[in-house]
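First up is the structure itself, then whatever we jot down about it.
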Amino acid sequence: MIDALNEDAPRAPGRARASAQAPGLPPAPAHEGPAVPAPPVAEAVPAPPAHEAPASGPAAVPRDTLRAALTLYLDLHAHPELSGAEARTAEAFGAHLRGDGATVTHGVGGHGVVGVLRNGPGPTLMLRAELDALPLTERTGLAYESTVPGTMHACGHDLHLASAAGAFTLLARSAASWSGTLLVVGQPAEETLEGAEAMLADGLYERFGTPDTVLAQHTAPLPAGTLAHGRGPIMAASAALDVVIHGYGGHAGTPQLTVDPVVTAAATVMRLQTVVSRETAPSDQVVLTVGSLHAGSRGNVVPDDAELSITVRAATDQALERAVAAATRIVRAECAASGCPRDPDLTVVSRSPALRPDPAVTAAVRAAHEREFGPQRVTDWPGSMATEDFPRFAVEGVRTAYWMVGTVSPRQWRAARSAGRPVPPNHSAEFAPDVRTALPAGVAAMATAARQLFKETR
């Protein structure tokens with residue numbers, strides 16, 4: 001369906017770029033909207049070996065639909081944008097939706113995009129995908145790798161957008177088979193856990209209609225072409241805290257005349273480890289990470305301040321509350337023990353509840369996926385300590401469904417195993433979904449779920 005575009009693709013020396021047309025696929029239909037630079041694709045990309053192809057899978061996505069979704073994916077992957085700066089990504093996504101008949105609005109809650117297709121009476125469904133990338137320098141060596149230094153789609157948001165766009169195309173072209181209102185949302189600033197709340201605060205539901213159900217999917221290190229549904233929490237509740245410890249700087253040769261914030265910060269980092277080991281029940285799932293610690297610039301100077309960034313994750317909102325309270329108490333107590341001249345500054349940068357999709361909707365979507373993909377390609381998801389702001393969309397009365405889309409090809413599995421290392425996961429500079437299999441699955445999974453829910457609530 002799609003020629004190999006990942007590990008089989010030649011690495012283009014000097015980042016040479018080729019035609020926007022993937023081998024073997026017809027030209028994509030033109031879309032309205034602002035012009036977007038053509039996506040780069042490797043020349044003479046070989047087809048995958050026959051034994052690498054999935055044994056079974058969803059009904060074939062029409063070639064022109066897949067071709068347009070692939071073109072969008074390659075373009076977005078090569079031109080990633082960070083949270084809050086997704087202007088180009090939003091324009092490209094909106095142009096695709098507009099070209100398939102959506103009424104498109106930009107600038108919702110930042111660079112958020114909302115496409116609306118009203119198709120008679122019935123339920124309102126919302127498909128959500130994310131616009132933003134991560135501050136990483138890509139090391140995949142792909143011919144279509146990021147052209148933006150220090151920025152990369154390392155979490156699959158480009159594949160989410162392309163899948164949602166492809167699903168919208170399928171639904172728009174089969175409008176006679178369903179009735180209701182379809183919303184497609186490109187959400188900004190997911191990686192900073194700000195975008196969902198910003199879109200809601202900007203009147204997302206008031207302006208475009210409150211959906212009965214919101215659907216989303218996410219890439220995961222599972223075999224490409226497979227899907228996974230969870231029971232219970234799919235992702236963790238989380239809180240991010242920034243801390244500034246205030247000391248009193250001076251000369252390294254006279255430490256008795258200073259209050260050293262570096263020592264206080266080090267003691268704080270070590271004591272914070274007891275939040276999980278000594279203050280959390282073994283039956284609870286809690287992770288606390290100090291992701292950054294910055295203080296001073298010279299070895300012979302005691303600095304005035306030290307800065308820490310802390311992330312707390314938990315499987316339940318209650319466990320998160322307890323862990324955040326414990327972390328706050330420890331930071332303040334260590335500063336008091338060190339005789340800091342003033343209390344530390346603690347700022348909750350972001351917060352998100354645990355992701356718990358609606359059980360009834362999940363069961364209906366999973367059953368539809370099993371019929372479409374075959375039960376052997378739909379598996380269980382055990383949950384993870386990753387986090388999302390998608391739960392924000394589940395205001396009172398709004399149900400949600402959320403599932404995982406596998407991205408790893410057999411060759412990637414074998415290469416990682418022979419090298420004695422894990423497959424590069426999300427947020428890795430080497431993260432590279434097997435697009436030839438993952439993208440058709442993502443398009444079909446989203447369209448299948450939407451059709452099922454339109455059918456059930458007609």
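Convention: chains lettered A, B, ... in structure tokens order; per-chain residue numbering from 1; ligands numbered from 1 as shown.
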
Can I get the residues of stretch 278-304 of chain A within 8 Å of stretch 308-326 of chain A, each with the closest pair of atoms and their distance in Å to one decimal, using only C-alpha atoms, sorted chain first then ascending number, as JSON lines?
{"residue": "A:Glu279", "atom": "CA", "partner": "A:Ala323", "partner_atom": "CA", "distance": 7.8}
{"residue": "A:Thr280", "atom": "CA", "partner": "A:Ala323", "partner_atom": "CA", "distance": 7.5}
{"residue": "A:Asp284", "atom": "CA", "partner": "A:Ala319", "partner_atom": "CA", "distance": 7.0}
{"residue": "A:Gln285", "atom": "CA", "partner": "A:Ala315", "partner_atom": "CA", "distance": 5.4}
{"residue": "A:Val286", "atom": "CA", "partner": "A:Ala314", "partner_atom": "CA", "distance": 4.3}
{"residue": "A:Val287", "atom": "CA", "partner": "A:Arg313", "partner_atom": "CA", "distance": 5.1}
{"residue": "A:Leu288", "atom": "CA", "partner": "A:Val312", "partner_atom": "CA", "distance": 4.5}
{"residue": "A:Thr289", "atom": "CA", "partner": "A:Thr311", "partner_atom": "CA", "distance": 5.3}
{"residue": "A:Val290", "atom": "CA", "partner": "A:Ile310", "partner_atom": "CA", "distance": 4.5}
{"residue": "A:Gly291", "atom": "CA", "partner": "A:Ser309", "partner_atom": "CA", "distance": 5.7}
{"residue": "A:Ser292", "atom": "CA", "partner": "A:Ser309", "partner_atom": "CA", "distance": 5.2}
{"residue": "A:Leu293", "atom": "CA", "partner": "A:Leu308", "partner_atom": "CA", "distance": 4.6}
{"residue": "A:His294", "atom": "CA", "partner": "A:Leu308", "partner_atom": "CA", "distance": 6.6}

### Task
Find the spatial neighbours of A:Val423, counting only C-alpha atoms, within a cut-off of 9 Å - ignore same-chain residues fewer than 3 positions away - and output them as a ChimeraX atom specification.
/A:221,408,412-413,415-417,431

### Query
Which residue out of A:Leu136, A:Ala165, A:Ile245, A:Val262 has the minimum interatomic distance to A:Ala336 when only C-alpha atoms are used?
A:Ile245

### Task
Please indicate the distance in Å from atom CA of A:Phe393 to atom CA of A:Glu197, rounded to one decimal place.
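Pair atom CA of A:Phe393 / atom CA of A:Glu197 returns 8.0 Å.
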
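We find atom CA of A:Val114 and atom CA of A:Thr219 to be spaced 21.9 Å apart.
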
#### Entry: Long-range neighbours of A:Thr379 as a PyMOL selection string, 12 Å cut-off, only C-alpha atoms, 3 positions minimum in chain
chain A and resi 222-223+225-231+366-367+369-370+373-376+382+403-406

### Query
How many Å lie between atom CA of A:Pro123 and atom CA of A:Ala176, rounded to one decimal?
15.0 Å

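Close contacts of stretch 77-85 of chain A, defined as residues with an atom at most 7 Å away when counting only C-alpha atoms, with chain neighbours fewer than 5 positions off set aside, comprise Pro39, Gly110, His111, Asp132, Ala133, Leu134, Pro135, Tyr144, Glu145, Ser146, Thr147, Val148, Thr151, Met152, His153, Asp158, Pro188, Ala189, Glu191 and Thr192 of chain A.
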
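Shell of A:Ala394 at 10 Å, with only C-alpha atoms counted and residues fewer than 4 places along the chain excluded, is Pro211, Asp212, Thr213, Val214, Leu355, Arg356, Pro357, Asp358, Phe390, Val398, Arg399, Thr400 and Ala401 of chain A.
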
### Task
Could you give me the residues within stretch 381-450 of chain A that DSSP places in alpha helix (DSSP H), as number ranges by chain?
A: 410-418, 435-450

### Query
Quick one: residues within 12 Å of A:Glu372, only C-alpha atoms counted, chain neighbours fewer than 6 positions away excluded, as a VMD selection string?
chain A and resid 56 to 61 225 to 227 365 to 366 378 441 444 to 449 451 to 452

Go ahead and dump the residues you just picked, C-alpha atoms, as a CSV table (one decimal), in the first residue's frame.
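Ended up saving to again_38.csv:
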chain,number,residue,atom,x,y,z
A,56,SER,CA,-4.2,-9.4,7.6
A,57,GLY,CA,-5.5,-6.0,8.4
A,58,PRO,CA,-8.2,-3.4,7.8
A,59,ALA,CA,-10.0,-3.0,4.6
A,60,ALA,CA,-7.8,-1.1,2.2
A,61,VAL,CA,-7.8,2.6,2.5
A,225,GLY,CA,-0.6,-2.5,12.1
A,226,THR,CA,-1.9,-3.5,15.5
A,227,LEU,CA,-4.1,-1.6,17.9
A,365,VAL,CA,-14.9,0.8,19.5
A,366,ARG,CA,-12.8,-2.2,20.3
A,378,VAL,CA,-6.3,-5.8,18.5
A,441,ALA,CA,-3.9,1.4,10.4
A,444,ALA,CA,-8.7,3.0,9.3
A,445,ALA,CA,-8.9,2.8,13.1
A,446,MET,CA,-10.2,6.4,13.4
A,447,ALA,CA,-12.7,6.1,10.6
A,448,THR,CA,-13.9,2.7,11.8
A,449,ALA,CA,-14.5,4.1,15.4
A,451,ARG,CA,-18.6,5.1,11.8
A,452,GLN,CA,-19.4,2.7,14.7

#### Entry: Near-A:Ala295 list (7 Å; only C-alpha atoms; drop same-chain fewer than 2 positions) as a VMD selection string
chain A and resid 262 293 297 303 305 to 307
